[in-house]
Amino acid sequence: MPEIVLPGNPALAPVTDGVPMPQRMWAILTIALGLTLAVLDGGIANVALPTIAREVNTSAANSIWVVNAYQLAVTISLLPLSSLGEIYGYKRIYQGGLILFTVASLACAMSSSLTTLILARMLQGFGAAGIMSVNSALIRFIYPRRWIGRGVGLNATVASIASALGPTVAAGVLSVAPWPWLFAVNVPLGVLGAFIALRALPDTPLSGVPFDLTSAALQAVSFGTLLFGVSELGHGESWVHVVVELVVAGLTGFVLVVRQLGLTAPMLPVDLFRIPLFALSVASSVSSFIAQSISLVSMPFLFQHQLGMDQVMTGLMMTPQPLVVAVIAPIAGRLADKYPAGLLGGCGMAVMAAGLAAMSLLPEHPATLDIVWRMTLLGLGFGFFNTPNNRAIILAAPPARTGGASGMQATARLLGQSMGAALVALVFTAFPGAHGPTVALSVAAGIAVVASCVSFSRLAAA
């Protein structure tokens with residue numbers, strides 16, 4: 001099986017236009033498999049929290065750390081791992097992440113206490129970060145340039161299907177087996193994915209720069225305290241704690257940025273933010289994921305508390321959105337190879353804003369069709385936005401900085417999702433009762449309009 005052979009000077013390694021068949025198909029398979037495991041695991045853990053809390057004899061509040069530990073580990077390690085990918089090769093980081101994720105899944109399945117489960121989930125989060133930090137970067141070297149939009153579209157399809165199936169898979173496993181099997185099923189799939197990755201993923205050019213441990217520590221403190229501060233702000237925790245955490249995040253973030261300005265290959269890609277297309281694409285990504293997160297968190301409350309639906313019906317009513325995204329993403333990927341991301345993304349977020357506004361105006365006793373066509377609009381809008389936007393982020397960066405762009409893409413998604421969830425909590429606190437979800441959806445519609453405007457502004461920046 002052919003692979004790129006790197007010469008003694010890694011900076012001179014050739015950059016080929018994709019890999020040949022059938023190696024490309026096997027490489028796509030392992031990328032899709034790793035992404036599926038990483039995305040599925042988040043949804044599965046959320047659904048299983050009540051069961052886990054009961055069986056390890058802990059409170060519901062303490063069990064949230066099973067989710068928080070995973071999310072924190074992913075957030076603080078995405079950019080350092082993408083930097084390591086540029087230094088040692090994306091293939092190594094992806095393989096290492098997949099192997100760590102698999103071993104940590106086994107540790108999760110064997111955990112008998114909350115403490116050991118949380119520690120195993122943190123390791124699993126670091127493994128997932130290894131997978132996600134270089135996922136998009138590898139696509140750039142797997143596909144020919146003219147097909148990169150299709151590759152990004154396929155990734156978006158896989159992520160959407162995995163996200164949609166998460167609650168269903170969790171419910172199915174829990175109906176026939178105890179909760180440790182939620183994690184044990186990852187093990188054979190992880191082993192298979194790691195073996196394929198060893199054989200099929202291409203070697204990539206190496207940057208030859210040393211790893212910046214100080215920047216990694218600053219980034220971990222800054223992003224970690226920001227995540228905790230935003231989360232506690234949304235849940236009404238002590239303002240003293242929130243202010244201290246946000247101040248620490250701001251100060252360490254400032255020191256981090258100043259440090260990065262003097263580096264040729266900074267971990268926090270401040271050099272790439274000098275490229276207007278990259279900066280605007282990241283900004284539109286953050287705002288779009290804030291809007292999406294608000295909708296995904298608030299709509300179950302709308303369906304169950306305001307419309308009186310049960311959990312099964314709520315799941316069915318929310319299914320059209322990810323399914324439509326899964327169908328639209330490959331189409332948007334092909335269009336992204338021909339038309340500007342600013343145009344496709346701007347139109348997509350405008351459609352999503354219309355869908356969110358329509359959801360906020362849902363009648364008191366809606367028919368099923370009233371909900372389905374609104375959820376379809378949300379899926380159409382986000383589907384047409386996400387793939388072209390991801391493609392723009394990756395291709396705006398020089399090939400040698402693809403790792404930084406890939407890490408920033410994943411970081412933007414996580415920051416947007418965390419901020420969206422915190423905004424929902426703030427809205428629910430300010431508007432208790434039935435009006436909370438409606439107000440939250442209105443806020444999401446406004447943020448989607450902002451994302452649309454930012455996306456359209458790329459047409460002038462191109």
# chains A, B, ... in the order shown; residues from 1 in each chain; ligands from 1
call {"tool": "residues_around", "arguments": {"residues": "region 296-304 of chain A", "least_positions_apart": "3", "cutoff": "7 Å", "atoms": "only C-alpha atoms", "output": "list of chain:residue names"}}
result
A:Gln292, A:Ser293, A:Leu307, A:Gly308, A:Met309, A:Asp310, A:Thr314, A:Ala421, A:Val424, A:Pro437, A:Ala440
call {"tool": "write_last_selection", "arguments": {"atoms": "C-alpha atoms", "output": "PDB file, in the first residue's frame"}}
result
ATOM      1  CA  GLN A 292     -27.765  25.473  17.208  1.00  0.00           C
ATOM      2  CA  SER A 293     -26.939  24.667  20.832  1.00  0.00           C
ATOM      3  CA  LEU A 307     -46.785  20.891  24.499  1.00  0.00           C
ATOM      4  CA  GLY A 308     -47.064  17.910  26.872  1.00  0.00           C
ATOM      5  CA  MET A 309     -45.156  15.369  24.792  1.00  0.00           C
ATOM      6  CA  ASP A 310     -43.392  12.361  26.307  1.00  0.00           C
ATOM      7  CA  THR A 314     -39.885  14.516  21.783  1.00  0.00           C
ATOM      8  CA  ALA A 421     -26.082  25.972  26.723  1.00  0.00           C
ATOM      9  CA  VAL A 424     -30.338  28.800  27.653  1.00  0.00           C
ATOM     10  CA  PRO A 437     -38.079  28.005  25.594  1.00  0.00           C
ATOM     11  CA  ALA A 440     -34.565  31.140  23.977  1.00  0.00           C
TER      12      ALA A 440
END
call {"tool": "residues_around", "arguments": {"residues": "Phe278 (chain A)", "least_positions_apart": "4", "cutoff": "9 Å", "atoms": "only C-alpha atoms", "output": "NGL selection string"}}
result
:A and (272-274 or 282-283 or 392-397 or 405)
call {"tool": "residues_around", "arguments": {"residues": "Ile93 (chain A)", "least_positions_apart": "4", "cutoff": "6 Å", "atoms": "only C-alpha atoms", "output": "list in words"}}
result
Gly85, Gly97 and Gly130 of chain A
call {"tool": "write_last_selection", "arguments": {"atoms": "C-alpha atoms", "output": "compact mmCIF listing (two decimals), in the first residue's frame"}}
result
# COMPACT_ATOMS: atom_id res chain seq x y z
CA GLY A 85 -0.04 16.84 14.69
CA GLY A 97 -6.10 9.39 20.10
CA GLY A 130 -6.77 13.41 19.42
call {"tool": "closest_residue", "arguments": {"among": "A:Leu316, A:Leu40, A:Ile31, A:Leu119", "to": "Leu182 (chain A)", "atoms": "only C-alpha atoms"}}
result
A:Leu40
call {"tool": "residues_around", "arguments": {"residues": "Thr102 (chain A)", "least_positions_apart": "3", "cutoff": "6 Å", "atoms": "only C-alpha atoms", "output": "list of chain:residue names"}}
result
A:Ile99, A:Ser105, A:Val187, A:Gly190
call {"tool": "residues_around", "arguments": {"residues": "Leu335 (chain A)", "least_positions_apart": "5", "cutoff": "12 Å", "atoms": "only C-alpha atoms", "output": "PyMOL selection string"}}
result
chain A and resi 146-150+152-153+328-330+340-341+343-345+383-385+387-389+391
call {"tool": "write_last_selection", "arguments": {"atoms": "C-alpha atoms", "output": "compact mmCIF listing (two decimals), in the first residue's frame"}}
result
# COMPACT_ATOMS: atom_id res chain seq x y z
CA ARG A 146 -11.10 19.35 -6.08
CA TRP A 147 -13.03 16.91 -3.85
CA ILE A 148 -12.24 18.35 -0.42
CA GLY A 149 -15.75 19.79 -0.17
CA ARG A 150 -17.15 16.28 -0.63
CA VAL A 152 -15.93 17.67 4.54
CA GLY A 153 -19.55 16.98 3.57
CA ILE A 328 -27.91 18.03 2.74
CA ALA A 329 -24.28 17.95 3.92
CA PRO A 330 -22.90 15.97 0.92
CA PRO A 340 -18.20 30.73 -2.31
CA ALA A 341 -18.64 29.64 1.30
CA LEU A 343 -22.81 32.80 -0.19
CA LEU A 344 -23.78 29.24 0.78
CA GLY A 345 -23.23 29.82 4.49
CA GLY A 383 -26.67 21.69 6.49
CA PHE A 384 -25.97 24.31 3.84
CA PHE A 385 -23.87 26.35 6.27
CA THR A 387 -19.94 21.97 5.30
CA PRO A 388 -18.91 25.02 3.20
CA ASN A 389 -17.83 26.82 6.36
CA ARG A 391 -14.11 23.70 4.08
call {"tool": "closest_residue", "arguments": {"among": "A:Ile76, A:Ala184, A:Ala177, A:Val209", "to": "Ala107 (chain A)", "atoms": "only C-alpha atoms"}}
result
A:Ala184
call {"tool": "residues_around", "arguments": {"residues": "Val454 (chain A)", "least_positions_apart": "5", "cutoff": "12 Å", "atoms": "only C-alpha atoms", "output": "list in words"}}
result
Pro276, Leu277, Phe278, Ala279, Leu280, Ser281, Val282, Ala283, Ser284, Ser285, Val286, Ser287, Ser288, Ala341, Gly342, Leu343, Gly345, Gly346, Cys347, Met349, Ala350, Phe385, Asn389, Ile447, Ala448, Val449, Leu459, Ala460 and Ala461 of chain A
call {"tool": "residues_around", "arguments": {"residues": "Ala217 (chain A)", "least_positions_apart": "3", "cutoff": "12 Å", "atoms": "only C-alpha atoms", "output": "NGL selection string"}}
result
:A and (76-77 or 79-80 or 211-214 or 220-224 or 252-253 or 255-256 or 267-268)
call {"tool": "write_last_selection", "arguments": {"atoms": "N, CA and C atoms", "output": "compact mmCIF listing (two decimals), in the first residue's frame"}}
result
# COMPACT_ATOMS: atom_id res chain seq x y z
N ILE A 76 -9.56 21.51 26.52
CA ILE A 76 -8.22 22.01 26.83
C ILE A 76 -7.13 21.36 26.00
N SER A 77 -7.46 20.27 25.30
CA SER A 77 -6.39 19.55 24.59
C SER A 77 -6.49 19.59 23.08
N LEU A 79 -6.27 22.14 20.79
CA LEU A 79 -5.22 22.93 20.12
C LEU A 79 -3.82 22.37 20.37
N PRO A 80 -3.46 21.96 21.61
CA PRO A 80 -2.15 21.33 21.78
C PRO A 80 -1.97 20.08 20.93
N PHE A 211 7.63 21.59 20.41
CA PHE A 211 6.33 21.76 21.05
C PHE A 211 6.44 22.82 22.13
N ASP A 212 5.46 23.73 22.19
CA ASP A 212 5.46 24.85 23.12
C ASP A 212 4.66 24.47 24.36
N LEU A 213 5.33 23.93 25.35
CA LEU A 213 4.66 23.45 26.56
C LEU A 213 4.03 24.61 27.35
N THR A 214 4.69 25.76 27.38
CA THR A 214 4.14 26.91 28.11
C THR A 214 2.82 27.36 27.51
N ALA A 220 -4.68 25.67 28.31
CA ALA A 220 -5.51 24.80 29.15
C ALA A 220 -6.17 25.59 30.27
N VAL A 221 -5.41 26.46 30.94
CA VAL A 221 -5.97 27.27 32.02
C VAL A 221 -7.01 28.25 31.48
N SER A 222 -6.69 28.92 30.38
CA SER A 222 -7.60 29.92 29.82
C SER A 222 -8.91 29.29 29.36
N PHE A 223 -8.83 28.25 28.55
CA PHE A 223 -10.04 27.63 28.01
C PHE A 223 -10.82 26.90 29.11
N GLY A 224 -10.08 26.25 30.04
CA GLY A 224 -10.75 25.52 31.12
C GLY A 224 -11.53 26.44 32.03
N THR A 252 -5.01 34.93 31.47
CA THR A 252 -4.17 33.90 30.85
C THR A 252 -4.35 33.89 29.33
N GLY A 253 -5.57 34.20 28.87
CA GLY A 253 -5.79 34.29 27.43
C GLY A 253 -4.99 35.42 26.82
N VAL A 255 -2.14 36.72 28.00
CA VAL A 255 -0.73 36.31 27.99
C VAL A 255 -0.48 35.31 26.87
N LEU A 256 -1.41 34.42 26.67
CA LEU A 256 -1.27 33.42 25.60
C LEU A 256 -1.20 34.08 24.23
N MET A 267 0.47 27.81 18.62
CA MET A 267 -0.53 26.81 18.99
C MET A 267 -1.93 27.39 18.85
N LEU A 268 -2.15 28.57 19.42
CA LEU A 268 -3.38 29.31 19.15
C LEU A 268 -3.14 30.05 17.85
call {"tool": "atom_distance", "arguments": {"atom1": "CA of Met313 (chain A)", "atom2": "CA of Thr368 (chain A)"}}
result
10.3 Å
call {"tool": "closest_atom_pairs", "arguments": {"of": "region 379-426 of chain A", "to": "region 355-363 of chain A", "cutoff": "10 Å", "atoms": "only C-alpha atoms", "output": "JSON lines"}}
result
{"residue": "A:Gly379", "atom": "CA", "partner": "A:Gly355", "partner_atom": "CA", "distance": 8.9}
{"residue": "A:Leu380", "atom": "CA", "partner": "A:Gly355", "partner_atom": "CA", "distance": 9.2}
{"residue": "A:Gly381", "atom": "CA", "partner": "A:Gly355", "partner_atom": "CA", "distance": 8.1}
